[in-house]
file structure17.tsv (TSV, C-alpha atoms and all ligand atoms)
chain	number	residue	atom	x	y	z
A	1	MET	CA	-23.88	-0.14	-25.73
A	2	LEU	CA	-22.83	3.38	-26.64
A	3	VAL	CA	-19.20	3.73	-27.77
A	4	LEU	CA	-17.88	7.30	-27.85
A	5	TYR	CA	-14.50	8.86	-28.50
A	6	GLY	CA	-12.77	12.21	-27.96
A	7	SER	CA	-9.79	12.31	-30.30
A	8	LYS	CA	-7.79	15.01	-32.06
A	9	TYR	CA	-5.46	12.91	-34.20
A	10	GLY	CA	-7.21	9.55	-34.44
A	11	THR	CA	-5.56	7.34	-31.80
A	12	ALA	CA	-8.47	7.28	-29.36
A	13	ARG	CA	-10.84	7.02	-32.33
A	14	ARG	CA	-9.02	3.92	-33.64
A	15	TYR	CA	-9.20	2.24	-30.24
A	16	ALA	CA	-12.92	3.10	-30.03
A	17	GLU	CA	-13.56	1.78	-33.52
A	18	GLU	CA	-11.76	-1.47	-32.83
A	19	PHE	CA	-13.61	-1.86	-29.53
A	20	ALA	CA	-16.94	-1.15	-31.25
A	21	ARG	CA	-16.14	-3.64	-34.00
A	22	ARG	CA	-15.49	-6.35	-31.42
A	23	ALA	CA	-18.65	-5.36	-29.54
A	24	GLY	CA	-20.69	-5.49	-32.74
A	25	THR	CA	-21.58	-1.82	-32.78
A	26	ALA	CA	-20.26	1.51	-34.11
A	27	ALA	CA	-18.17	4.20	-32.43
A	28	VAL	CA	-19.38	7.80	-32.48
A	29	SER	CA	-17.48	11.05	-31.90
A	30	VAL	CA	-18.38	12.60	-28.57
A	31	LYS	CA	-19.27	15.72	-30.58
A	32	GLY	CA	-21.81	13.77	-32.65
A	33	ARG	CA	-25.46	13.02	-32.06
A	34	VAL	CA	-26.53	10.17	-29.86
A	35	SER	CA	-30.05	8.78	-30.12
A	36	ALA	CA	-31.33	6.44	-27.42
A	37	ALA	CA	-29.79	6.02	-23.97
A	38	GLU	CA	-27.96	2.73	-23.50
A	39	GLU	CA	-27.22	0.66	-20.43
A	40	ILE	CA	-23.45	1.07	-20.80
A	41	THR	CA	-21.39	3.89	-22.30
A	42	VAL	CA	-17.74	3.26	-23.15
A	43	PHE	CA	-15.79	6.45	-23.78
A	44	PHE	CA	-12.25	6.59	-25.23
A	45	GLY	CA	-10.57	9.96	-24.61
A	46	ALA	CA	-7.13	11.25	-25.58
A	47	LEU	CA	-4.97	12.97	-22.96
A	48	TYR	CA	-3.85	16.52	-23.52
A	49	MET	CA	-1.84	18.19	-20.77
A	50	GLY	CA	-3.26	15.84	-18.17
A	51	ARG	CA	-6.87	16.29	-19.25
A	52	VAL	CA	-9.12	13.82	-21.02
A	53	TYR	CA	-10.38	15.38	-24.22
A	54	GLY	CA	-14.17	15.20	-24.55
A	55	LEU	CA	-14.80	13.71	-21.11
A	56	LYS	CA	-17.30	16.39	-20.01
A	57	ARG	CA	-19.38	15.84	-23.15
A	58	ALA	CA	-19.18	12.07	-22.67
A	59	VAL	CA	-20.50	12.39	-19.10
A	60	LYS	CA	-23.46	14.41	-20.39
A	61	LYS	CA	-24.18	11.93	-23.16
A	62	ALA	CA	-24.00	9.04	-20.69
A	63	ALA	CA	-26.62	10.66	-18.45
A	64	GLY	CA	-29.18	7.87	-18.93
A	65	CYS	CA	-26.67	5.03	-18.59
A	66	SER	CA	-26.16	2.95	-15.50
A	67	ARG	CA	-22.44	2.43	-16.20
A	68	LEU	CA	-19.75	4.61	-17.75
A	69	LEU	CA	-16.43	3.05	-18.74
A	70	VAL	CA	-13.78	5.72	-19.34
A	71	VAL	CA	-10.70	4.67	-21.30
A	72	THR	CA	-7.86	7.21	-21.36
A	73	VAL	CA	-5.36	7.18	-24.22
A	74	GLY	CA	-2.00	8.87	-23.70
A	75	LEU	CA	1.67	8.65	-24.51
A	76	ALA	CA	2.93	7.89	-21.00
A	77	ASP	CA	3.06	4.21	-20.02
A	78	PRO	CA	-0.01	3.35	-17.89
A	79	SER	CA	1.67	0.22	-16.54
A	80	GLU	CA	3.53	2.69	-14.28
A	81	PRO	CA	1.34	3.10	-11.19
A	82	ALA	CA	1.97	6.87	-11.06
A	83	VAL	CA	0.57	7.27	-14.58
A	84	ALA	CA	-2.55	5.23	-13.91
A	85	GLU	CA	-3.08	7.07	-10.63
A	86	SER	CA	-2.81	10.57	-12.09
A	87	ARG	CA	-5.00	9.69	-15.08
A	88	SER	CA	-7.67	8.14	-12.85
A	89	GLY	CA	-7.52	11.28	-10.71
A	90	ALA	CA	-8.03	13.46	-13.81
A	91	VAL	CA	-11.04	11.37	-14.83
A	92	LEU	CA	-12.70	11.42	-11.42
A	93	ALA	CA	-12.09	15.17	-11.07
A	94	ALA	CA	-14.12	15.71	-14.25
A	95	VAL	CA	-16.98	13.40	-13.24
A	96	PRO	CA	-19.58	14.55	-10.68
A	97	GLN	CA	-19.18	12.81	-7.33
A	98	ARG	CA	-22.67	11.24	-7.48
A	99	LEU	CA	-21.63	9.32	-10.62
A	100	HIS	CA	-18.32	7.97	-9.28
A	101	LYS	CA	-19.82	4.63	-8.28
A	102	SER	CA	-21.01	3.95	-11.84
A	103	VAL	CA	-17.64	4.89	-13.41
A	104	GLN	CA	-14.83	2.46	-14.18
A	105	VAL	CA	-11.51	3.73	-15.55
A	106	PHE	CA	-8.98	2.09	-17.90
A	107	HIS	CA	-5.75	3.40	-19.43
A	108	LEU	CA	-4.23	2.68	-22.80
A	109	ARG	CA	-1.13	3.84	-24.60
A	110	GLY	CA	-1.44	6.05	-27.65
A	111	ALA	CA	0.62	7.46	-30.46
A	112	VAL	CA	2.02	10.74	-31.68
A	113	ASP	CA	3.17	11.90	-35.09
A	114	PHE	CA	4.99	15.23	-34.92
A	115	ALA	CA	4.51	15.92	-38.62
A	116	ARG	CA	0.72	15.92	-38.18
A	117	LEU	CA	0.54	18.09	-35.05
A	118	SER	CA	-0.69	21.66	-35.21
A	119	ALA	CA	2.06	24.28	-34.82
A	120	GLY	CA	0.78	25.11	-31.33
A	121	ARG	CA	0.82	21.53	-30.11
A	122	ARG	CA	4.23	20.89	-31.66
A	123	LEU	CA	5.56	23.92	-29.80
A	124	LEU	CA	3.97	22.69	-26.59
A	125	LEU	CA	5.68	19.31	-26.94
A	126	LYS	CA	9.00	21.00	-27.72
A	127	MET	CA	8.65	23.04	-24.53
A	128	LEU	CA	7.82	19.88	-22.57
A	129	ARG	CA	10.86	18.20	-24.05
A	130	SER	CA	13.25	20.99	-23.16
A	131	MET	CA	11.77	21.10	-19.64
A	132	ALA	CA	12.27	17.32	-19.38
A	133	GLU	CA	15.86	17.61	-20.59
A	134	ARG	CA	16.61	20.17	-17.90
A	135	THR	CA	15.08	17.95	-15.20
A	136	ASP	CA	17.27	15.55	-13.25
A	137	PRO	CA	16.63	12.09	-14.82
A	138	ALA	CA	15.67	10.68	-11.43
A	139	GLN	CA	13.01	13.39	-11.03
A	140	ARG	CA	11.44	13.09	-14.49
A	141	THR	CA	7.75	12.24	-14.62
A	142	PRO	CA	6.57	9.34	-16.82
A	143	GLU	CA	5.05	11.95	-19.17
A	144	MET	CA	8.46	13.67	-19.47
A	145	ARG	CA	10.13	10.34	-20.21
A	146	ALA	CA	7.52	9.51	-22.85
A	147	VAL	CA	8.10	12.86	-24.57
A	148	LEU	CA	11.86	12.34	-24.52
A	149	GLU	CA	11.44	8.85	-26.04
A	150	THR	CA	9.68	10.26	-29.11
A	151	GLU	CA	12.71	12.43	-29.98
A	152	GLY	CA	10.64	14.83	-32.02
A	153	GLU	CA	9.56	12.23	-34.54
A	154	SER	CA	6.73	9.84	-34.01
A	155	ALA	CA	5.89	6.98	-31.71
A	156	ASP	CA	3.08	4.46	-31.81
A	157	TYR	CA	2.33	2.32	-28.78
A	158	THR	CA	-1.16	1.36	-29.90
A	159	ASP	CA	-1.99	-2.11	-28.58
A	160	PHE	CA	-5.44	-3.46	-29.38
A	161	ALA	CA	-4.82	-6.47	-27.10
A	162	ALA	CA	-5.15	-4.01	-24.22
A	163	LEU	CA	-8.83	-3.67	-25.15
A	164	ASP	CA	-9.56	-7.13	-23.74
A	165	ALA	CA	-9.89	-5.84	-20.18
A	166	VAL	CA	-12.38	-3.20	-21.31
A	167	LEU	CA	-14.35	-5.78	-23.29
A	168	ARG	CA	-14.52	-8.02	-20.24
A	169	ALA	CA	-15.67	-5.12	-18.04
A	170	ALA	CA	-18.38	-4.38	-20.58
A	171	GLY	CA	-19.57	-7.96	-20.30
A	172	LEU	CA	-17.96	-9.16	-23.53
A	173	ALA	CA	-15.33	-11.88	-23.28
A	174	GLY	CA	-12.12	-10.61	-24.94
A	175	GLU	CA	-11.15	-13.64	-26.99
A	176	ALA	CA	-14.67	-14.61	-28.00
A	177	ALA	CA	-15.50	-11.08	-29.10
A	178	GLN	CA	-12.34	-10.90	-31.22
A	179	ALA	CA	-13.36	-13.87	-33.39
A	180	GLU	CA	-15.00	-12.84	-36.64
B	1	LIG	C1	0.22	18.96	-26.71
B	1	LIG	C2	0.12	17.54	-26.26
B	1	LIG	C3	-0.10	17.23	-24.92
B	1	LIG	C4	-0.15	15.89	-24.48
B	1	LIG	N1	-0.35	15.63	-23.16
B	1	LIG	C5	-0.32	14.34	-22.72
B	1	LIG	C6	-0.45	14.02	-21.32
B	1	LIG	O1	-0.64	14.88	-20.49
B	1	LIG	N2	-0.34	12.74	-20.95
B	1	LIG	C7	-0.15	11.71	-21.86
B	1	LIG	O2	-0.03	10.55	-21.46
B	1	LIG	N3	-0.07	11.97	-23.20
B	1	LIG	C8	-0.15	13.26	-23.64
B	1	LIG	N4	-0.05	13.54	-24.98
B	1	LIG	C9	-0.03	12.43	-25.94
B	1	LIG	C10	-1.42	12.13	-26.51
B	1	LIG	O3	-2.31	11.80	-25.48
B	1	LIG	C11	-1.32	10.96	-27.48
B	1	LIG	O4	-0.59	11.41	-28.61
B	1	LIG	C12	-2.68	10.40	-27.89
B	1	LIG	O5	-2.50	9.17	-28.56
B	1	LIG	C13	-3.44	11.38	-28.76
B	1	LIG	O6	-4.70	10.86	-29.06
B	1	LIG	P1	-5.51	11.30	-30.38
B	1	LIG	O7	-4.66	10.86	-31.57
B	1	LIG	O8	-6.78	10.50	-30.31
B	1	LIG	O9	-5.74	12.77	-30.33
B	1	LIG	C14	-0.01	14.84	-25.43
B	1	LIG	C15	0.20	15.16	-26.79
B	1	LIG	C16	0.25	16.48	-27.21
B	1	LIG	C17	0.46	16.76	-28.68
call {"tool": "encode", "arguments": {"input": "structure17.tsv", "output": "structure tokens"}}
result
Amino acid sequence: MLVLYGSKYGTARRYAEEFARRAGTAAVSVKGRVSAAEEITVFFGALYMGRVYGLKRAVKKAAGCSRLLVVTVGLADPSEPAVAESRSGAVLAAVPQRLHKSVQVFHLRGAVDFARLSAGRRLLLKMLRSMAERTDPAQRTPEMRAVLETEGESADYTDFAALDAVLRAAGLAGEAAQAE
């Protein structure tokens, strides 16, 4: 199994590393070198402005695989159907149509630490926040609400238990794989 991640600040990488640990393998950056083709590729990608970071590279690296599991990691709550729907749409839009039947998509919640963000990304989040504040609460998107919840500080919604579903889809029983 090939475990890849596309991560700017480490959240998607930590999920990938924990997943790989439970699967008995190692996680590799999507920018790194991959040797042999594997049956299954599991890719963890962070969301930036609605796009999954590193997804295009992951699709290329998974070329010889029969299954590609894409796990998005973002601040908005994926238990909201609208969030899951828009993220799945973003994934499928970046994956060639012919591969859709071999792709399975999952969504996890990430983290943000304002102090560690680049000046550009901090500015972007500030702009998103002020836009969210000016939007009628009833009209706010889940992403807007997530940005407002962080209040310019940090938030960490990382939940490794959410990896169980991905482990099961990859043919590894969640609980059994967790045991050392
Ligand atoms: C500039 C910027 C844009 C973001 N856009 C989204 C987004 O569109 N949807 C979302 O759910 N989270 C979004 N996030 C939150 C990140 O996806 C979240 O912090 C994630 O855990 C980052 O993963 P990483 O640490 O692996 O880079 C954004 C964060 C920043 C700083």
call {"tool": "atom_distance", "arguments": {"input": "structure17.tsv", "atom1": "CA of Leu123 (chain A)", "atom2": "CA of Glu149 (chain A)"}}
result
16.6 Å
call {"tool": "residues_around", "arguments": {"input": "structure17.tsv", "residues": "region 66-72 of chain A", "least_positions_apart": "2", "cutoff": "8 Å", "atoms": "only C-alpha atoms", "output": "list of chain:residue names"}}
result
A:Glu39, A:Ile40, A:Thr41, A:Val42, A:Phe43, A:Phe44, A:Gly45, A:Ala46, A:Leu47, A:Val52, A:Val59, A:Ala62, A:Gly64, A:Gly74, A:Arg87, A:Val91, A:Ser102, A:Val103, A:Gln104, A:Val105, A:Phe106, A:His107, A:Leu108, A:Val166, A:Ala170
call {"tool": "closest_residue", "arguments": {"input": "structure17.tsv", "among": "A:Lys31, A:Lys126, A:Lys60, A:Arg98", "to": "ligand LIG 1 (chain B)", "atoms": "all atoms listed in the file"}}
result
A:Lys126
call {"tool": "residues_near_ligand", "arguments": {"input": "structure17.tsv", "ligand": "ligand LIG 1 (chain B)", "cutoff": "7 Å", "atoms": "only C-alpha atoms and all ligand atoms", "output": "PyMOL selection string"}}
result
chain A and resi 6-13+45-51+73-76+109-112+117+121-122+124-125+143
call {"tool": "closest_residue", "arguments": {"input": "structure17.tsv", "among": "A:Met131, A:Glu38, A:Leu92, A:Tyr15", "to": "Tyr157 (chain A)", "atoms": "all atoms listed in the file"}}
result
A:Tyr15
call {"tool": "atom_distance", "arguments": {"input": "structure17.tsv", "atom1": "CA of Arg21 (chain A)", "atom2": "CA of Val95 (chain A)"}}
result
26.9 Å
call {"tool": "closest_residue", "arguments": {"input": "structure17.tsv", "among": "A:Arg116, A:Arg168, A:Arg129, A:Lys61", "to": "Leu4 (chain A)", "atoms": "all atoms listed in the file"}}
result
A:Lys61
call {"tool": "atom_distance", "arguments": {"input": "structure17.tsv", "atom1": "CA of Gln97 (chain A)", "atom2": "CA of Ala169 (chain A)"}}
result
21.2 Å
call {"tool": "closest_residue", "arguments": {"input": "structure17.tsv", "among": "A:Glu17, A:Ala155, A:Ala119, A:Thr141", "to": "Pro81 (chain A)", "atoms": "all atoms listed in the file"}}
result
A:Thr141
call {"tool": "decode", "arguments": {"input": "structure17.tsv", "residues": "region 87-128 of chain A", "atoms": "N, CA and C atoms", "output": "compact mmCIF listing (two decimals), in the first residue's frame"}}
result
# COMPACT_ATOMS: atom_id res chain seq x y z
N ARG A 87 -16.41 18.97 -1.08
CA ARG A 87 -15.05 18.41 -1.11
C ARG A 87 -14.97 17.23 -2.09
N SER A 88 -16.00 16.37 -2.08
CA SER A 88 -15.99 15.25 -3.02
C SER A 88 -16.00 15.78 -4.46
N GLY A 89 -16.76 16.84 -4.67
CA GLY A 89 -16.82 17.46 -6.00
C GLY A 89 -15.45 17.97 -6.42
N ALA A 90 -14.73 18.59 -5.47
CA ALA A 90 -13.39 19.13 -5.77
C ALA A 90 -12.43 17.99 -6.10
N VAL A 91 -12.58 16.87 -5.41
CA VAL A 91 -11.70 15.72 -5.68
C VAL A 91 -11.98 15.18 -7.07
N LEU A 92 -13.25 14.91 -7.35
CA LEU A 92 -13.59 14.29 -8.64
C LEU A 92 -13.27 15.20 -9.81
N ALA A 93 -13.35 16.52 -9.59
CA ALA A 93 -13.02 17.47 -10.67
C ALA A 93 -11.54 17.39 -11.01
N ALA A 94 -10.72 16.96 -10.06
CA ALA A 94 -9.27 16.92 -10.30
C ALA A 94 -8.79 15.53 -10.74
N VAL A 95 -9.72 14.59 -10.79
CA VAL A 95 -9.36 13.22 -11.18
C VAL A 95 -9.98 12.91 -12.54
N PRO A 96 -9.19 12.41 -13.50
CA PRO A 96 -9.76 12.10 -14.81
C PRO A 96 -10.96 11.15 -14.70
N GLN A 97 -11.95 11.42 -15.53
CA GLN A 97 -13.20 10.66 -15.51
C GLN A 97 -12.98 9.14 -15.52
N ARG A 98 -12.04 8.69 -16.36
CA ARG A 98 -11.81 7.23 -16.50
C ARG A 98 -11.36 6.57 -15.19
N LEU A 99 -10.87 7.40 -14.24
CA LEU A 99 -10.39 6.82 -12.97
C LEU A 99 -11.44 6.90 -11.86
N HIS A 100 -12.57 7.58 -12.14
CA HIS A 100 -13.56 7.80 -11.08
C HIS A 100 -14.00 6.51 -10.39
N LYS A 101 -14.13 5.43 -11.19
CA LYS A 101 -14.64 4.19 -10.57
C LYS A 101 -13.64 3.55 -9.60
N SER A 102 -12.37 3.92 -9.72
CA SER A 102 -11.39 3.33 -8.79
C SER A 102 -11.07 4.27 -7.61
N VAL A 103 -11.78 5.41 -7.57
CA VAL A 103 -11.52 6.40 -6.51
C VAL A 103 -12.60 6.34 -5.43
N GLN A 104 -12.14 6.40 -4.18
CA GLN A 104 -13.06 6.48 -3.04
C GLN A 104 -12.62 7.69 -2.22
N VAL A 105 -13.59 8.50 -1.75
CA VAL A 105 -13.24 9.75 -1.09
C VAL A 105 -13.70 9.76 0.38
N PHE A 106 -12.83 10.29 1.24
CA PHE A 106 -13.13 10.43 2.67
C PHE A 106 -12.77 11.86 3.10
N HIS A 107 -13.39 12.32 4.19
CA HIS A 107 -13.12 13.69 4.63
C HIS A 107 -12.84 13.73 6.13
N LEU A 108 -11.75 14.39 6.47
CA LEU A 108 -11.38 14.52 7.88
C LEU A 108 -11.26 15.99 8.24
N ARG A 109 -11.26 16.25 9.54
CA ARG A 109 -11.14 17.62 10.02
C ARG A 109 -9.71 17.92 10.44
N GLY A 110 -9.23 19.09 10.08
CA GLY A 110 -7.83 19.43 10.33
C GLY A 110 -7.59 20.42 11.45
N ALA A 111 -6.58 21.22 11.26
CA ALA A 111 -6.17 22.16 12.30
C ALA A 111 -5.56 23.39 11.64
N VAL A 112 -5.55 24.48 12.40
CA VAL A 112 -4.87 25.67 11.90
C VAL A 112 -4.22 26.40 13.08
N ASP A 113 -3.04 26.91 12.84
CA ASP A 113 -2.35 27.69 13.86
C ASP A 113 -1.90 29.00 13.20
N PHE A 114 -2.61 30.07 13.54
CA PHE A 114 -2.36 31.35 12.87
C PHE A 114 -0.91 31.79 12.97
N ALA A 115 -0.30 31.53 14.12
CA ALA A 115 1.07 31.99 14.34
C ALA A 115 2.05 31.36 13.34
N ARG A 116 1.70 30.18 12.83
CA ARG A 116 2.62 29.48 11.92
C ARG A 116 2.34 29.75 10.44
N LEU A 117 1.22 30.41 10.16
CA LEU A 117 0.86 30.63 8.75
C LEU A 117 1.77 31.67 8.10
N SER A 118 1.97 31.52 6.80
CA SER A 118 2.72 32.54 6.05
C SER A 118 1.88 33.83 6.08
N ALA A 119 2.55 34.97 5.85
CA ALA A 119 1.83 36.25 5.88
C ALA A 119 0.68 36.25 4.87
N GLY A 120 0.93 35.67 3.70
CA GLY A 120 -0.08 35.64 2.64
C GLY A 120 -1.31 34.84 3.06
N ARG A 121 -1.06 33.68 3.65
CA ARG A 121 -2.20 32.83 4.04
C ARG A 121 -2.95 33.44 5.23
N ARG A 122 -2.20 34.09 6.12
CA ARG A 122 -2.87 34.74 7.26
C ARG A 122 -3.80 35.85 6.74
N LEU A 123 -3.30 36.59 5.77
CA LEU A 123 -4.10 37.67 5.18
C LEU A 123 -5.35 37.09 4.52
N LEU A 124 -5.14 35.99 3.80
CA LEU A 124 -6.27 35.34 3.13
C LEU A 124 -7.35 34.93 4.13
N LEU A 125 -6.93 34.36 5.25
CA LEU A 125 -7.90 33.94 6.27
C LEU A 125 -8.57 35.15 6.90
N LYS A 126 -7.80 36.24 7.07
CA LYS A 126 -8.41 37.46 7.63
C LYS A 126 -9.48 37.99 6.69
N MET A 127 -9.19 37.93 5.38
CA MET A 127 -10.17 38.39 4.40
C MET A 127 -11.42 37.50 4.42
N LEU A 128 -11.18 36.18 4.54
CA LEU A 128 -12.31 35.25 4.62
C LEU A 128 -13.15 35.54 5.85
